[in-house]
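Below: one structure, written as structure tokens.
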2 protein chains.
Amino acid sequence: MHLLIDGYAGDTQRMWDRDFVHKFLEEFPATLGMNKIYGPVVLEYDAPKPEDSGVSGFVVIAESHISVHTFPERSYMNIDIFSCKAFDSQKALDRVKEQFRLQNMKTWQVDRGLEHYDPSLARPRGVREQVAGPADN
Amino acid sequence: MHLLIDGYAGDTQRMWDRDFVHKFLEEFPATLGMNKIYGPVVLEYDAPKPEDSGVSGFVVIAESHISVHTFPERSYMNIDIFSCKAFDSQKALDRVKEQFRLQNMKTWQVDRGLEHYDPSLARPRGVREQVAGPADN
């Protein structure tokens, strides 16, 4: 499952705080039962327009990832929680809302990843399964 | 805009190839007019079940990211192209399809990011704009 969150009207000090975002990404996977395999990596981005500047962070979890992009001057942020397996999306939303003190959120849920993997699409076109029939004689 | 792609029936040698995934992530942002600000970072993940193993990679671009997760044993992969601004989604799909020789794709397009930022949601609830009216006398 892939949960996409756009958060609004949050704590802009936390959105600017690389250490806070790092700690959030460090701890968040375990609260959702996910295994971190790389990161977090967190960096500040200084855009030509100040309102486009902010903090970006990434943690790779087993077969998928969690990412954060903040825009403190807009009091706006994007969070992605993409996991190969099902997770408690309400718990994830509550945690994000509480951590960044968001007053408004827009969310999308996309059914993709290993839990929605379709084996029939993984076969090259034109290849048919051979089914043995009864012998002619 | 955020474009999500699940790719099926591709080139499994390329899906296993960390150098290939790195080169793909290195070059892809520029072909879509995006500015890379960190990475790519590419790693191999050895899962308890071999069919869940594969290569994960991401590159941070200005205010957003591109990520790849491959599952060569399933001939399956997930790609995300998330940008703060509009990009040519057909060009992106064509490039992904061609690079990983995918025969089937499932795609989703989510209208989020700075181009879809809603300033009204960024104001804390309960705060009203003050509009000066005519004086009483």
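Each chain in the structure tokens gets a letter, A, B, ..., in the order shown, and its residues are numbered from 1; ligands are numbered from 1 in order too.
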Q: Determine which residues of chain B sit within 8 Å of chain A, taking into account only C-alpha atoms, and present them as an NGL selection string.
A: :B and (6 or 8-10 or 37 or 45 or 47 or 52-54 or 56 or 60 or 62-64 or 69-70 or 74-76 or 78 or 103-104 or 112-113 or 119 or 121-125)
Q. Among chain B, which residues carry a DSSP assignment of strand (DSSP E), reported as a ChimeraX atom specification?
A. /B:2-8,36-45,54-61,64-71,76-82,104-110
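Running DSSP on the backbone and keeping only helix (DSSP H, G or I), the residues of region 76-113 of chain A that qualify are Ser89, Gln90, Lys91, Ala92, Leu93, Asp94, Arg95, Val96, Lys97, Glu98 and Gln99 of chain A.
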N, CA and C atoms of the current selection, written as a compact mmCIF listing (two decimals), in the first residue's frame:
# COMPACT_ATOMS: atom_id res chain seq x y z
N SER A 89 -3.08 2.48 8.18
CA SER A 89 -2.98 3.82 7.60
C SER A 89 -3.50 4.90 8.57
N GLN A 90 -4.48 4.56 9.39
CA GLN A 90 -5.00 5.55 10.35
C GLN A 90 -3.93 5.89 11.39
N LYS A 91 -3.21 4.87 11.84
CA LYS A 91 -2.12 5.09 12.78
C LYS A 91 -1.03 5.98 12.15
N ALA A 92 -0.75 5.70 10.89
CA ALA A 92 0.26 6.49 10.18
C ALA A 92 -0.18 7.96 10.07
N LEU A 93 -1.44 8.16 9.70
CA LEU A 93 -1.96 9.53 9.57
C LEU A 93 -1.93 10.26 10.92
N ASP A 94 -2.37 9.56 11.96
CA ASP A 94 -2.40 10.18 13.30
C ASP A 94 -0.99 10.61 13.72
N ARG A 95 -0.02 9.75 13.47
CA ARG A 95 1.36 10.02 13.87
C ARG A 95 1.92 11.24 13.11
N VAL A 96 1.68 11.26 11.81
CA VAL A 96 2.16 12.38 11.00
C VAL A 96 1.51 13.69 11.47
N LYS A 97 0.22 13.64 11.68
CA LYS A 97 -0.54 14.82 12.10
C LYS A 97 -0.02 15.35 13.44
N GLU A 98 0.21 14.43 14.35
CA GLU A 98 0.65 14.79 15.71
C GLU A 98 2.09 15.32 15.69
N GLN A 99 2.96 14.65 14.95
CA GLN A 99 4.37 15.02 14.95
C GLN A 99 4.60 16.41 14.34
Q.
Which residues are close to region 26-30 of chain B, i.e. within 8 Å by only C-alpha atoms, leaving aside same-chain residues fewer than 3 positions away? Reply as a list in words.
A. His22, Lys23, Gly33, Met34, Asn35, Lys36, Gly39, Pro40, Val59, Ile61 and Ile66 of chain B
Taking C-alpha atoms for each residue, export the selection above as a short mmCIF file (atom, residue, chain, number, x, y, z; two decimals), in the first residue's frame.
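Output saved as part21.cif:
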data_model
loop_
_atom_site.label_atom_id
_atom_site.label_comp_id
_atom_site.auth_asym_id
_atom_site.auth_seq_id
_atom_site.Cartn_x
_atom_site.Cartn_y
_atom_site.Cartn_z
CA HIS B 22 22.19 4.08 -10.73
CA LYS B 23 22.80 5.28 -14.29
CA GLY B 33 13.93 18.98 -16.92
CA MET B 34 14.41 18.30 -13.20
CA ASN B 35 17.35 19.31 -10.98
CA LYS B 36 19.05 16.61 -8.98
CA GLY B 39 22.07 10.99 -4.88
CA PRO B 40 21.34 8.69 -6.54
CA VAL B 59 17.39 10.47 -6.15
CA ILE B 61 15.33 16.38 -6.99
CA ILE B 66 12.36 9.76 -8.04
#
